[in-house]
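Raw contents of input-v2.pdb, PDB, C-alpha atoms and all ligand atoms:
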```
ATOM      1  CA  SER A  18      27.630 -11.929  23.652
ATOM      2  CA  HIS A  19      24.376 -10.295  22.716
ATOM      3  CA  GLU A  20      24.237  -6.525  22.396
ATOM      4  CA  LEU A  21      20.767  -6.645  23.903
ATOM      5  CA  MET A  22      22.564  -6.570  27.225
ATOM      6  CA  GLY A  23      20.906  -6.391  30.558
ATOM      7  CA  ILE A  24      18.340  -9.041  29.676
ATOM      8  CA  HIS A  25      18.112 -11.131  32.838
ATOM      9  CA  PRO A  26      18.110 -14.919  32.404
ATOM     10  CA  TYR A  27      14.846 -16.773  32.783
ATOM     11  CA  ASN A  28      13.805 -16.889  36.433
ATOM     12  CA  PRO A  29      11.742 -20.029  37.207
ATOM     13  CA  LEU A  30      10.370 -18.376  40.365
ATOM     14  CA  GLU A  31       8.564 -15.853  38.174
ATOM     15  CA  ASP A  32       6.912 -18.749  36.389
ATOM     16  CA  THR A  33       4.266 -18.880  39.085
ATOM     17  CA  TYR A  34       3.105 -15.448  37.845
ATOM     18  CA  SER A  35      -0.479 -15.756  36.699
ATOM     19  CA  ILE A  36      -3.214 -13.188  36.306
ATOM     20  CA  TYR A  37      -5.933 -15.865  36.552
ATOM     21  CA  ALA A  38      -5.821 -15.719  40.349
ATOM     22  CA  HIS A  39      -7.923 -12.506  40.438
ATOM     23  CA  PRO A  40      -8.617 -11.731  36.751
ATOM     24  CA  LEU A  41     -10.152  -8.247  36.923
ATOM     25  CA  ARG A  42      -7.820  -6.760  39.534
ATOM     26  CA  ASN A  43      -4.837  -8.177  37.689
ATOM     27  CA  ILE A  44      -6.000  -7.013  34.274
ATOM     28  CA  ASP A  45      -6.147  -3.468  35.642
ATOM     29  CA  GLU A  46      -2.710  -3.932  37.223
ATOM     30  CA  LEU A  47      -1.346  -5.394  33.985
ATOM     31  CA  CYS A  48      -2.629  -2.391  31.998
ATOM     32  CA  ALA A  49      -1.392   0.114  34.574
ATOM     33  CA  SER A  50       2.119  -1.411  34.597
ATOM     34  CA  ILE A  51       2.359  -1.467  30.781
ATOM     35  CA  VAL A  52       1.124   2.150  30.527
ATOM     36  CA  ARG A  53       3.628   3.236  33.175
ATOM     37  CA  SER A  54       6.476   1.398  31.391
ATOM     38  CA  HIS A  55       5.511   2.995  28.076
ATOM     39  CA  ARG A  56       5.595   6.456  29.611
ATOM     40  CA  GLU A  57       8.889   5.828  31.408
ATOM     41  CA  THR A  58      10.623   4.360  28.351
ATOM     42  CA  SER A  59       9.573   6.902  25.715
ATOM     43  CA  GLN A  60      12.331   9.283  24.626
ATOM     44  CA  CYS A  61       9.946  12.223  24.604
ATOM     45  CA  ARG A  62       6.437  13.013  25.803
ATOM     46  CA  VAL A  63       3.678  13.730  23.316
ATOM     47  CA  GLU A  64       2.731  16.961  25.121
ATOM     48  CA  GLU A  65       6.372  18.176  25.015
ATOM     49  CA  LEU A  66       6.466  17.669  21.249
ATOM     50  CA  GLN A  67       3.098  19.333  20.734
ATOM     51  CA  ALA A  68       4.836  22.523  21.892
ATOM     52  CA  LEU A  69       7.617  21.963  19.309
ATOM     53  CA  ARG A  70       5.372  21.041  16.378
ATOM     54  CA  TRP A  71       6.122  24.218  14.439
ATOM     55  CA  LYS A  72       9.866  24.025  14.952
ATOM     56  CA  LEU A  73      10.774  23.187  11.348
ATOM     57  CA  PHE A  74      14.130  22.926   9.619
ATOM     58  CA  SER A  75      15.249  26.032   7.690
ATOM     59  CA  ARG A  76      16.075  25.867   3.980
ATOM     60  CA  GLU A  77      19.781  25.821   4.830
ATOM     61  CA  GLU A  78      19.333  22.977   7.330
ATOM     62  CA  ILE A  79      17.344  20.974   4.765
ATOM     63  CA  GLN A  80      20.093  21.641   2.190
ATOM     64  CA  ALA A  81      22.657  20.381   4.689
ATOM     65  CA  TYR A  82      20.786  17.100   5.143
ATOM     66  CA  GLN A  83      20.260  16.728   1.394
ATOM     67  CA  SER A  84      23.969  17.264   0.693
ATOM     68  CA  LYS A  85      24.994  14.454   3.021
ATOM     69  CA  THR A  86      26.255  11.349   1.232
ATOM     70  CA  VAL A  87      24.023   8.267   1.197
ATOM     71  CA  ASP A  88      26.157   6.432   3.704
ATOM     72  CA  GLU A  89      26.454   9.462   6.036
ATOM     73  CA  MET A  90      22.676   9.846   6.183
ATOM     74  CA  TRP A  91      22.114   6.102   6.562
ATOM     75  CA  GLN A  92      24.597   5.980   9.396
ATOM     76  CA  HIS A  93      22.882   8.953  11.046
ATOM     77  CA  CYS A  94      19.455   7.290  10.862
ATOM     78  CA  ALA A  95      20.841   3.926  11.962
ATOM     79  CA  ILE A  96      22.251   5.617  15.080
ATOM     80  CA  GLN A  97      18.928   7.349  15.798
ATOM     81  CA  LEU A  98      17.101   4.064  15.303
ATOM     82  CA  THR A  99      19.478   2.224  17.617
ATOM     83  CA  ASP A 100      18.918   4.840  20.328
ATOM     84  CA  ALA A 101      15.162   4.440  20.005
ATOM     85  CA  VAL A 102      15.481   0.639  20.099
ATOM     86  CA  GLN A 103      17.385   0.798  23.385
ATOM     87  CA  TYR A 104      14.286   2.376  24.969
ATOM     88  CA  VAL A 105      12.085  -0.316  23.425
ATOM     89  CA  VAL A 106      14.325  -3.020  24.962
ATOM     90  CA  GLU A 107      13.753  -1.369  28.349
ATOM     91  CA  PHE A 108       9.997  -1.249  27.693
ATOM     92  CA  ALA A 109       9.948  -4.947  26.756
ATOM     93  CA  LYS A 110      11.781  -5.983  29.918
ATOM     94  CA  ARG A 111       9.055  -4.338  31.986
ATOM     95  CA  ILE A 112       6.150  -6.098  30.270
ATOM     96  CA  PRO A 113       4.809  -8.581  32.881
ATOM     97  CA  GLY A 114       5.916 -12.047  31.795
ATOM     98  CA  PHE A 115       8.511 -10.962  29.202
ATOM     99  CA  ARG A 116      11.376 -11.657  31.590
ATOM    100  CA  MET A 117      10.039 -15.154  32.316
ATOM    101  CA  LEU A 118      10.660 -16.072  28.662
ATOM    102  CA  SER A 119      13.982 -17.674  27.764
ATOM    103  CA  GLN A 120      16.744 -15.256  26.808
ATOM    104  CA  ASN A 121      16.699 -16.511  23.214
ATOM    105  CA  ASP A 122      12.950 -15.927  22.956
ATOM    106  CA  GLN A 123      13.324 -12.430  24.427
ATOM    107  CA  ILE A 124      15.953 -11.670  21.756
ATOM    108  CA  ALA A 125      13.880 -13.257  18.962
ATOM    109  CA  LEU A 126      10.863 -11.078  19.896
ATOM    110  CA  LEU A 127      13.004  -7.928  20.037
ATOM    111  CA  LYS A 128      14.775  -8.768  16.750
ATOM    112  CA  THR A 129      11.490  -8.755  14.853
ATOM    113  CA  GLY A 130       9.369  -6.448  17.018
ATOM    114  CA  SER A 131      11.560  -3.535  18.110
ATOM    115  CA  MET A 132      11.534  -1.724  14.745
ATOM    116  CA  GLU A 133       7.751  -2.090  14.619
ATOM    117  CA  VAL A 134       7.373  -0.563  18.092
ATOM    118  CA  VAL A 135       9.695   2.321  17.100
ATOM    119  CA  LEU A 136       7.508   3.043  14.076
ATOM    120  CA  VAL A 137       4.347   3.120  16.222
ATOM    121  CA  ARG A 138       6.098   5.394  18.716
ATOM    122  CA  MET A 139       7.201   7.671  15.859
ATOM    123  CA  SER A 140       3.599   8.126  14.729
ATOM    124  CA  ARG A 141       2.719   9.731  18.095
ATOM    125  CA  TYR A 142       4.779  12.767  17.089
ATOM    126  CA  PHE A 143       3.734  12.957  13.443
ATOM    127  CA  ASN A 144       2.185  16.287  12.451
ATOM    128  CA  THR A 145      -0.549  15.475   9.926
ATOM    129  CA  GLU A 146      -1.079  19.151   9.085
ATOM    130  CA  ASN A 147       2.293  19.491   7.348
ATOM    131  CA  ASN A 148       3.327  15.813   7.115
ATOM    132  CA  THR A 149       6.384  16.226   9.279
ATOM    133  CA  VAL A 150       8.051  13.788  11.635
ATOM    134  CA  PHE A 151      10.144  14.549  14.718
ATOM    135  CA  PHE A 152      13.822  14.104  13.748
ATOM    136  CA  ASP A 153      17.010  15.523  15.278
ATOM    137  CA  GLY A 154      15.048  17.861  17.554
ATOM    138  CA  LYS A 155      12.811  19.484  14.911
ATOM    139  CA  PHE A 156      10.023  18.490  12.571
ATOM    140  CA  ALA A 157      11.142  17.230   9.160
ATOM    141  CA  GLY A 158       9.303  16.629   5.908
ATOM    142  CA  ALA A 159      10.150  13.645   3.677
ATOM    143  CA  GLU A 160      12.487  15.845   1.590
ATOM    144  CA  VAL A 161      14.945  15.923   4.518
ATOM    145  CA  PHE A 162      15.622  12.192   3.926
ATOM    146  CA  LYS A 163      16.269  12.499   0.190
ATOM    147  CA  SER A 164      19.956  11.610   0.454
ATOM    148  CA  LEU A 165      19.029   8.185   1.869
ATOM    149  CA  ALA A 166      18.130   7.184  -1.710
ATOM    150  CA  CYS A 167      15.225   5.072  -0.479
ATOM    151  CA  GLY A 168      12.258   7.316  -1.208
ATOM    152  CA  ASP A 169       9.830   4.373  -1.280
ATOM    153  CA  LEU A 170      10.741   3.296   2.260
ATOM    154  CA  ILE A 171      10.523   6.882   3.536
ATOM    155  CA  ALA A 172       7.166   7.383   1.821
ATOM    156  CA  ALA A 173       5.919   4.136   3.375
ATOM    157  CA  VAL A 174       7.157   5.253   6.820
ATOM    158  CA  PHE A 175       5.351   8.606   6.458
ATOM    159  CA  ASP A 176       2.180   6.954   5.155
ATOM    160  CA  PHE A 177       2.181   4.566   8.102
ATOM    161  CA  ALA A 178       2.580   7.432  10.580
ATOM    162  CA  HIS A 179      -0.272   9.293   8.881
ATOM    163  CA  ASP A 180      -2.543   6.215   9.059
ATOM    164  CA  MET A 181      -1.760   5.684  12.723
ATOM    165  CA  CYS A 182      -2.604   9.320  13.549
ATOM    166  CA  ALA A 183      -5.985   8.850  11.882
ATOM    167  CA  LEU A 184      -6.871   6.319  14.602
ATOM    168  CA  LYS A 185      -6.297   9.004  17.284
ATOM    169  CA  LEU A 186      -5.063   6.424  19.794
ATOM    170  CA  THR A 187      -4.544   7.482  23.406
ATOM    171  CA  GLU A 188      -1.160   6.916  25.063
ATOM    172  CA  GLN A 189      -2.718   4.064  27.053
ATOM    173  CA  GLN A 190      -4.004   2.388  23.889
ATOM    174  CA  ILE A 191      -0.579   2.843  22.241
ATOM    175  CA  ALA A 192       1.149   1.340  25.293
ATOM    176  CA  LEU A 193      -0.971  -1.843  25.135
ATOM    177  CA  PHE A 194      -0.776  -1.964  21.318
ATOM    178  CA  THR A 195       3.048  -1.755  21.283
ATOM    179  CA  ALA A 196       3.239  -4.420  24.010
ATOM    180  CA  LEU A 197       1.107  -6.668  21.789
ATOM    181  CA  VAL A 198       3.286  -5.884  18.739
ATOM    182  CA  LEU A 199       6.263  -7.140  20.742
ATOM    183  CA  ILE A 200       4.726 -10.193  22.438
ATOM    184  CA  ASN A 201       3.800 -12.115  19.299
ATOM    185  CA  ALA A 202       3.844 -15.919  19.482
ATOM    186  CA  ASP A 203       3.828 -16.144  15.659
ATOM    187  CA  ARG A 204       7.330 -14.686  15.347
ATOM    188  CA  PRO A 205       9.944 -16.946  13.707
ATOM    189  CA  CYS A 206      12.457 -19.064  15.642
ATOM    190  CA  LEU A 207      10.806 -19.088  19.066
ATOM    191  CA  GLU A 208      11.906 -21.901  21.397
ATOM    192  CA  ASP A 209       8.820 -21.996  23.610
ATOM    193  CA  ARG A 210       5.872 -20.692  21.594
ATOM    194  CA  GLY A 211       3.394 -21.839  24.222
ATOM    195  CA  ARG A 212       4.956 -19.688  26.912
ATOM    196  CA  VAL A 213       4.964 -16.652  24.585
ATOM    197  CA  GLN A 214       1.302 -17.391  23.787
ATOM    198  CA  ARG A 215       0.416 -17.212  27.494
ATOM    199  CA  VAL A 216       2.075 -13.806  27.870
ATOM    200  CA  GLN A 217       0.528 -12.615  24.583
ATOM    201  CA  ARG A 218      -2.915 -13.720  25.802
ATOM    202  CA  ASN A 219      -2.582 -11.547  28.907
ATOM    203  CA  VAL A 220      -1.556  -8.503  26.855
ATOM    204  CA  GLU A 221      -4.457  -9.122  24.439
ATOM    205  CA  LEU A 222      -6.830  -9.183  27.422
ATOM    206  CA  GLY A 223      -5.317  -5.876  28.510
ATOM    207  CA  LEU A 224      -5.756  -4.243  25.096
ATOM    208  CA  THR A 225      -9.348  -5.430  24.681
ATOM    209  CA  HIS A 226     -10.059  -4.319  28.266
ATOM    210  CA  ILE A 227      -8.724  -0.800  27.554
ATOM    211  CA  LEU A 228     -10.573  -0.523  24.210
ATOM    212  CA  HIS A 229     -13.814  -1.760  25.808
ATOM    213  CA  ARG A 230     -13.432   0.708  28.674
ATOM    214  CA  ASP A 231     -12.924   3.493  26.086
ATOM    215  CA  ASN A 232     -15.979   2.244  24.174
ATOM    216  CA  GLN A 233     -13.769   1.704  21.096
ATOM    217  CA  ASP A 234     -13.989  -2.054  20.530
ATOM    218  CA  ASN A 235     -14.142  -1.281  16.796
ATOM    219  CA  LEU A 236     -10.456  -0.221  16.917
ATOM    220  CA  LEU A 237      -9.237  -3.764  17.615
ATOM    221  CA  HIS A 238      -9.480  -5.074  14.052
ATOM    222  CA  LYS A 239      -7.954  -1.842  12.733
ATOM    223  CA  LEU A 240      -4.989  -2.373  15.053
ATOM    224  CA  TYR A 241      -4.535  -5.921  13.769
ATOM    225  CA  GLN A 242      -4.557  -4.523  10.208
ATOM    226  CA  ARG A 243      -1.862  -2.001  11.212
ATOM    227  CA  MET A 244       0.233  -4.895  12.537
ATOM    228  CA  ALA A 245       0.244  -6.409   9.032
ATOM    229  CA  VAL A 246       1.375  -3.059   7.570
ATOM    230  CA  LEU A 247       4.151  -2.886  10.169
ATOM    231  CA  ARG A 248       5.441  -6.299   9.114
ATOM    232  CA  SER A 249       5.618  -5.261   5.456
ATOM    233  CA  LEU A 250       7.345  -1.966   6.402
ATOM    234  CA  CYS A 251      10.003  -3.843   8.340
ATOM    235  CA  ARG A 252      10.548  -6.302   5.482
ATOM    236  CA  LEU A 253      11.128  -3.269   3.226
ATOM    237  CA  HIS A 254      13.598  -1.848   5.779
ATOM    238  CA  ILE A 255      15.564  -5.114   5.840
ATOM    239  CA  GLU A 256      15.593  -5.265   2.013
ATOM    240  CA  LYS A 257      16.969  -1.717   1.902
ATOM    241  CA  LEU A 258      19.546  -2.600   4.526
ATOM    242  CA  HIS A 259      20.696  -5.506   2.311
ATOM    243  CA  TRP A 260      20.884  -3.185  -0.711
ATOM    244  CA  PHE A 261      22.788  -0.590   1.343
ATOM    245  CA  SER A 262      25.287  -3.096   2.804
ATOM    246  CA  GLN A 263      26.100  -4.407  -0.666
ATOM    247  CA  ARG A 264      26.773  -0.902  -1.928
ATOM    248  CA  TYR A 265      28.474   0.463   1.200
ATOM    249  CA  PRO A 266      30.006  -2.595   2.895
ATOM    250  CA  LEU A 267      32.544  -0.581   4.858
ATOM    251  CA  THR A 268      29.924   1.689   6.466
ATOM    252  CA  ALA A 269      27.547  -1.186   7.182
ATOM    253  CA  HIS A 270      30.323  -3.420   8.556
ATOM    254  CA  SER A 271      32.151  -0.966  10.749
ATOM    255  CA  LEU A 272      30.143   2.239  11.218
ATOM    256  CA  PHE A 273      26.708   0.960  12.142
ATOM    257  CA  PRO A 274      26.051   0.531  15.882
ATOM    258  CA  PRO A 275      26.576  -3.103  17.006
ATOM    259  CA  LEU A 276      23.003  -3.288  18.301
ATOM    260  CA  TYR A 277      21.683  -2.247  14.877
ATOM    261  CA  LYS A 278      23.623  -5.099  13.236
ATOM    262  CA  GLU A 279      22.506  -7.516  15.939
ATOM    263  CA  LEU A 280      18.872  -6.654  15.372
ATOM    264  CA  PHE A 281      18.564  -6.051  11.655
ATOM    265  CA  ALA A 282      21.280  -8.020   9.942
ATOM    266  CA  SER A 283      20.229 -11.585   9.219
ATOM    267  CA  GLU A 284      22.226 -14.161  11.142
ATOM    268  CA  GLY A 285      25.820 -14.674  10.044
ATOM    269  CA  GLU A 286      25.818 -13.247   6.554
ATOM    270  CA  LEU A 287      25.799  -9.605   5.512
ATOM    271  CA  LEU A 288      27.512  -7.964   8.445
ATOM    272  CA  PRO A 289      30.267 -10.215   9.796
ATOM    273  CA  GLY A 290      31.756  -9.023  13.027
ATOM    274  CA  THR A 291      28.525  -9.143  15.017
ATOM    275  CA  THR A 292      29.414 -10.954  18.186
ATOM    276  CA  HIS A 293      27.316 -13.999  19.125
TER     277      HIS A 293
HETATM  278  O1  LIG B 301       9.585   8.545  22.146
HETATM  279  C1  LIG B 301      10.270   7.729  21.495
HETATM  280  O2  LIG B 301      10.866   6.758  22.020
HETATM  281  C2  LIG B 301      10.358   7.920  19.968
HETATM  282  C3  LIG B 301      11.405   9.001  19.629
HETATM  283  C4  LIG B 301      11.455   9.216  18.093
HETATM  284  C5  LIG B 301      11.794   7.898  17.386
HETATM  285  C6  LIG B 301      11.732   8.030  15.873
HETATM  286  O3  LIG B 301      10.777   8.568  15.354
HETATM  287  N1  LIG B 301      12.697   7.421  15.123
HETATM  288  C7  LIG B 301      13.892   6.796  15.601
HETATM  289  C8  LIG B 301      14.844   6.828  14.430
HETATM  290  C9  LIG B 301      13.995   7.082  13.178
HETATM  291  S1  LIG B 301      14.488   8.630  12.413
HETATM  292  O4  LIG B 301      14.052   9.678  13.259
HETATM  293  O5  LIG B 301      15.912   8.539  12.086
HETATM  294  C10 LIG B 301      13.626   8.665  10.892
HETATM  295  C11 LIG B 301      14.210   8.086   9.747
HETATM  296  C12 LIG B 301      13.506   8.079   8.553
HETATM  297  C13 LIG B 301      12.221   8.662   8.526
HETATM  298  F1  LIG B 301      11.524   8.681   7.373
HETATM  299  C14 LIG B 301      11.640   9.230   9.671
HETATM  300  C15 LIG B 301      12.353   9.221  10.864
HETATM  301  C16 LIG B 301      14.160   5.985  12.173
HETATM  302  C17 LIG B 301      15.432   5.604  11.732
HETATM  303  C18 LIG B 301      15.541   4.611  10.745
HETATM  304  C19 LIG B 301      14.385   4.056  10.215
HETATM  305  O6  LIG B 301      14.319   3.055   9.264
HETATM  306  C20 LIG B 301      15.449   2.449   8.829
HETATM  307  C21 LIG B 301      16.237   3.315   7.944
HETATM  308  C22 LIG B 301      17.580   3.299   8.175
HETATM  309  F2  LIG B 301      18.032   2.689   9.248
HETATM  310  C23 LIG B 301      18.415   3.935   7.304
HETATM  311  C24 LIG B 301      17.884   4.589   6.191
HETATM  312  C25 LIG B 301      16.529   4.648   5.988
HETATM  313  C26 LIG B 301      15.696   4.053   6.910
HETATM  314 CL1  LIG B 301      13.998   4.286   6.749
HETATM  315  C27 LIG B 301      13.130   4.429  10.619
HETATM  316  C28 LIG B 301      13.009   5.386  11.590
HETATM  317  C29 LIG B 301      11.651   5.704  12.054
HETATM  318  C30 LIG B 301      11.707   5.999  13.496
HETATM  319  C31 LIG B 301      12.559   7.247  13.696
HETATM  320  C32 LIG B 301      10.792   6.823  17.764
HETATM  321  C33 LIG B 301      10.737   6.616  19.287
END
```

Starting from the file, give its structure as structure tokens.
Ligand SMILES: O=C(O)[C@H]1CC[C@H](C(=O)N2CC[C@@]3(S(=O)(=O)c4ccc(F)cc4)c4ccc(OCc5c(F)cccc5Cl)cc4CC[C@@H]23)CC1
Amino acid sequence: SHELMGIHPYNPLEDTYSIYAHPLRNIDELCASIVRSHRETSQCRVEELQALRWKLFSREEIQAYQSKTVDEMWQHCAIQLTDAVQYVVEFAKRIPGFRMLSQNDQIALLKTGSMEVVLVRMSRYFNTENNTVFFDGKFAGAEVFKSLACGDLIAAVFDFAHDMCALKLTEQQIALFTALVLINADRPCLEDRGRVQRVQRNVELGLTHILHRDNQDNLLHKLYQRMAVLRSLCRLHIEKLHWFSQRYPLTAHSLFPPLYKELFASEGELLPGTTH
């Protein structure tokens, strides 16, 4: 059984859903529903974290993180990531049309897209003044993650967050952007690419509508560039996960959350014990 539980099977009745009946009214409704879902399925609010932005880890706390073993710190981050992914699954299920896709296509989109959405969501909290990211309730610099022994991946994650902040996206723009990151008909192993394309087309209309309304059409190509960076970041993450599972098979096999293995371990190999 899939860990991505709660995904409802494809409902043919929903197939009649089309925004072409009244394009403008439905584009506004589509955007409003995606923005609402984004807000409801984010773990924190940007304004809440603005108030916390100077809550940094003390020297002792940083030492404590740095003295964790590699597998302890990896397990800690894998748990945090899995929590964040649960919220992204909820966000995906509320994107108009996502639930009308087959269950396998819903899982295929989440397998490749959820980490990317988490990274975009992370960048909302990044403090560019001191290069810190929100982690475990405070703001952490890259040095906090030293014991992970994957400095290149951490540096790439921080660089990505910094680049995203430079675009100064609004929450509405981020909501539509993350929906588009998820609903991508070019993802591997989709059963019904055409159906995903139809849903993707609607979300694209929503994003271009929002950017046009904000007089920021020029952002669109920058967002497509960021999508390419996201894909390379996630490839790096999977490579590191392979490296880690070879070195620490016990931790990867038995201590990582099942959902993490379901999402990030390639089918079958690497982490046996994932239920299918
Ligand atoms: O509002 C919300 O929903 C947001 C709340 C906050 C959420 C958030 O920022 N996050 C959820 C978990 C966390 S983190 O806070 O643990 C974190 C980890 C490393 C960082 F450099 C920065 C943050 C995370 C965990 C693992 C990871 O890559 C895979 C990975 C491993 F698995 C193991 C080792 C190394 C790596 Cl790199 C990448 C990220 C980036 C997103 C981060 C994002 C959603």

Give me the residues of chain A that have any atom at most 7 Å from an atom of ligand LIG 301 (chain B); for each, the nearest atom pair and the distance in Å, rounded to one decimal. Use all atoms listed in the file, sort by chain and number, and format it as a tab-separated table.
```
residue	atom	partner	partner_atom	distance
A:Thr58	CA	B:LIG301	O2	6.8
A:Ser59	CA	B:LIG301	O2	3.9
A:Gln60	CA	B:LIG301	O1	3.8
A:Cys61	CA	B:LIG301	O1	4.4
A:Arg62	CA	B:LIG301	O1	6.6
A:Trp91	CA	B:LIG301	C23	4.4
A:Gln92	CA	B:LIG301	C23	6.8
A:Cys94	CA	B:LIG301	O5	4.0
A:Ala95	CA	B:LIG301	F2	4.1
A:Gln97	CA	B:LIG301	C8	4.3
A:Leu98	CA	B:LIG301	C8	3.7
A:Ala101	CA	B:LIG301	C33	5.0
A:Tyr104	CA	B:LIG301	O2	6.3
A:Val135	CA	B:LIG301	C32	4.7
A:Leu136	CA	B:LIG301	C30	5.2
A:Arg138	CA	B:LIG301	C33	4.8
A:Met139	CA	B:LIG301	O3	3.7
A:Val150	CA	B:LIG301	C14	6.1
A:Phe151	CA	B:LIG301	O3	6.0
A:Phe152	CA	B:LIG301	O4	4.5
A:Asp153	CA	B:LIG301	O4	6.9
A:Ala159	CA	B:LIG301	F1	6.3
A:Phe162	CA	B:LIG301	F1	6.4
A:Leu165	CA	B:LIG301	C24	5.7
A:Cys167	CA	B:LIG301	C25	6.6
A:Leu170	CA	B:LIG301	CL1	5.6
A:Ile171	CA	B:LIG301	F1	4.4
A:Val174	CA	B:LIG301	F1	5.6
A:Phe175	CA	B:LIG301	F1	6.2
A:His254	CA	B:LIG301	C20	5.6
```

The PyMOL selection byres (((chain A and resi 207) around 10) and not hetatm) resolved against shown file, as a compact mmCIF listing (two decimals) with C-alpha atoms, in the coordinates of the input:
```
# COMPACT_ATOMS: atom_id res chain seq x y z
CA SER A 119 13.98 -17.67 27.76
CA ASN A 121 16.70 -16.51 23.21
CA ASP A 122 12.95 -15.93 22.96
CA GLN A 123 13.32 -12.43 24.43
CA ILE A 124 15.95 -11.67 21.76
CA ALA A 125 13.88 -13.26 18.96
CA LEU A 126 10.86 -11.08 19.90
CA ASN A 201 3.80 -12.12 19.30
CA ALA A 202 3.84 -15.92 19.48
CA ASP A 203 3.83 -16.14 15.66
CA ARG A 204 7.33 -14.69 15.35
CA PRO A 205 9.94 -16.95 13.71
CA CYS A 206 12.46 -19.06 15.64
CA GLU A 208 11.91 -21.90 21.40
CA ASP A 209 8.82 -22.00 23.61
CA ARG A 210 5.87 -20.69 21.59
CA GLY A 211 3.39 -21.84 24.22
CA ARG A 212 4.96 -19.69 26.91
CA VAL A 213 4.96 -16.65 24.58
```

- Task: May I ask for the distance between CA of Lys163 (chain A) and CA of Gly130 (chain A), given in Å to one decimal place?
- Result: 26.3 Å

- Any idea what the distance is between CA of Asp231 (chain A) and CA of Ile112 (chain A)? 21.8 Å

- Item | Picked residues, the PyMOL selection byres (((chain A and resi 249) around 12) and not hetatm), as a PyMOL selection string | chain A and resi 129+132-133+170+173-174+177+242-248+250-256

Given 6 Å of margin on each side, can you work out the centre and size in Å (one decimal) of an axis-aligned box holding every listed atom of region 161-164 of chain A, as lines of an AutoDock Vina configuration file?
```
center_x = 17.5
center_y = 13.8
center_z = 2.4
size_x = 17.0
size_y = 16.3
size_z = 16.3
```

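Using only C-alpha atoms, the nearest neighbour of Ala172 (chain A) within the list A:Asp88, A:Gly154, A:Asn148, A:Leu199 is A:Asn148.
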
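Within 12 Å of Ser84 (chain A), once only C-alpha atoms are used and residues closer than 2 positions along the same chain are dropped, the contacting residues are Glu77, Glu78, Ile79, Gln80, Ala81, Tyr82, Thr86, Val87, Asp88, Glu89, Met90, Glu160, Val161, Phe162, Lys163, Ser164, Leu165 and Ala166 of chain A.
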
Quick one: write out the picked residues with C-alpha atoms as a PDB file, keeping the file's coordinate frame?
```pdb
ATOM      1  CA  GLU A  77      19.781  25.821   4.830  1.00  0.00           C
ATOM      2  CA  GLU A  78      19.333  22.977   7.330  1.00  0.00           C
ATOM      3  CA  ILE A  79      17.344  20.974   4.765  1.00  0.00           C
ATOM      4  CA  GLN A  80      20.093  21.641   2.190  1.00  0.00           C
ATOM      5  CA  ALA A  81      22.657  20.381   4.689  1.00  0.00           C
ATOM      6  CA  TYR A  82      20.786  17.100   5.143  1.00  0.00           C
ATOM      7  CA  THR A  86      26.255  11.349   1.232  1.00  0.00           C
ATOM      8  CA  VAL A  87      24.023   8.267   1.197  1.00  0.00           C
ATOM      9  CA  ASP A  88      26.157   6.432   3.704  1.00  0.00           C
ATOM     10  CA  GLU A  89      26.454   9.462   6.036  1.00  0.00           C
ATOM     11  CA  MET A  90      22.676   9.846   6.183  1.00  0.00           C
ATOM     12  CA  GLU A 160      12.487  15.845   1.590  1.00  0.00           C
ATOM     13  CA  VAL A 161      14.945  15.923   4.518  1.00  0.00           C
ATOM     14  CA  PHE A 162      15.622  12.192   3.926  1.00  0.00           C
ATOM     15  CA  LYS A 163      16.269  12.499   0.190  1.00  0.00           C
ATOM     16  CA  SER A 164      19.956  11.610   0.454  1.00  0.00           C
ATOM     17  CA  LEU A 165      19.029   8.185   1.869  1.00  0.00           C
ATOM     18  CA  ALA A 166      18.130   7.184  -1.710  1.00  0.00           C
TER      19      ALA A 166
END
```

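The coordinates place CA of Val63 (chain A) at 26.0 Å from CA of Arg76 (chain A).
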
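Selection check: the PyMOL selection byres (((chain A and resi 111) around 10) and not hetatm) on the shown file gives A:Ser50, A:Ile51, A:Arg53, A:Ser54, A:His55, A:Thr58, A:Val105, A:Val106, A:Glu107, A:Phe108, A:Ala109, A:Lys110, A:Ile112, A:Pro113, A:Gly114, A:Phe115, A:Arg116, A:Ala196.
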
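Neighbours of region 182-192 of chain A closer than or equal to 8 Å, with all atoms listed in the file counted and sequence neighbours fewer than 6 positions away skipped, come out as Ile51, Val52, His55, Val137, Arg138, Ser140, Arg141, Phe143, Thr145, Leu224, Ile227, Leu228 and Leu236 of chain A.
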
Create the file for the chosen residues now, containing C-alpha atoms and written as an mmCIF file, keeping the file's coordinate frame.
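This is the output file again00.cif:
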```cif
data_model
loop_
_atom_site.group_PDB
_atom_site.id
_atom_site.type_symbol
_atom_site.label_atom_id
_atom_site.label_comp_id
_atom_site.auth_asym_id
_atom_site.auth_seq_id
_atom_site.Cartn_x
_atom_site.Cartn_y
_atom_site.Cartn_z
ATOM 1 C CA ILE A 51 2.359 -1.467 30.781
ATOM 2 C CA VAL A 52 1.124 2.150 30.527
ATOM 3 C CA HIS A 55 5.511 2.995 28.076
ATOM 4 C CA VAL A 137 4.347 3.120 16.222
ATOM 5 C CA ARG A 138 6.098 5.394 18.716
ATOM 6 C CA SER A 140 3.599 8.126 14.729
ATOM 7 C CA ARG A 141 2.719 9.731 18.095
ATOM 8 C CA PHE A 143 3.734 12.957 13.443
ATOM 9 C CA THR A 145 -0.549 15.475 9.926
ATOM 10 C CA LEU A 224 -5.756 -4.243 25.096
ATOM 11 C CA ILE A 227 -8.724 -0.800 27.554
ATOM 12 C CA LEU A 228 -10.573 -0.523 24.210
ATOM 13 C CA LEU A 236 -10.456 -0.221 16.917
#
```

- Message: Set the distance at 10 Å and use only C-alpha atoms: which residues neighbour Asn147 (chain A) once local chain neighbours fewer than 4 positions away are removed? I'd like the list as a VMD selection string.
- Response: chain A and resid 70 to 71 143 156 to 158
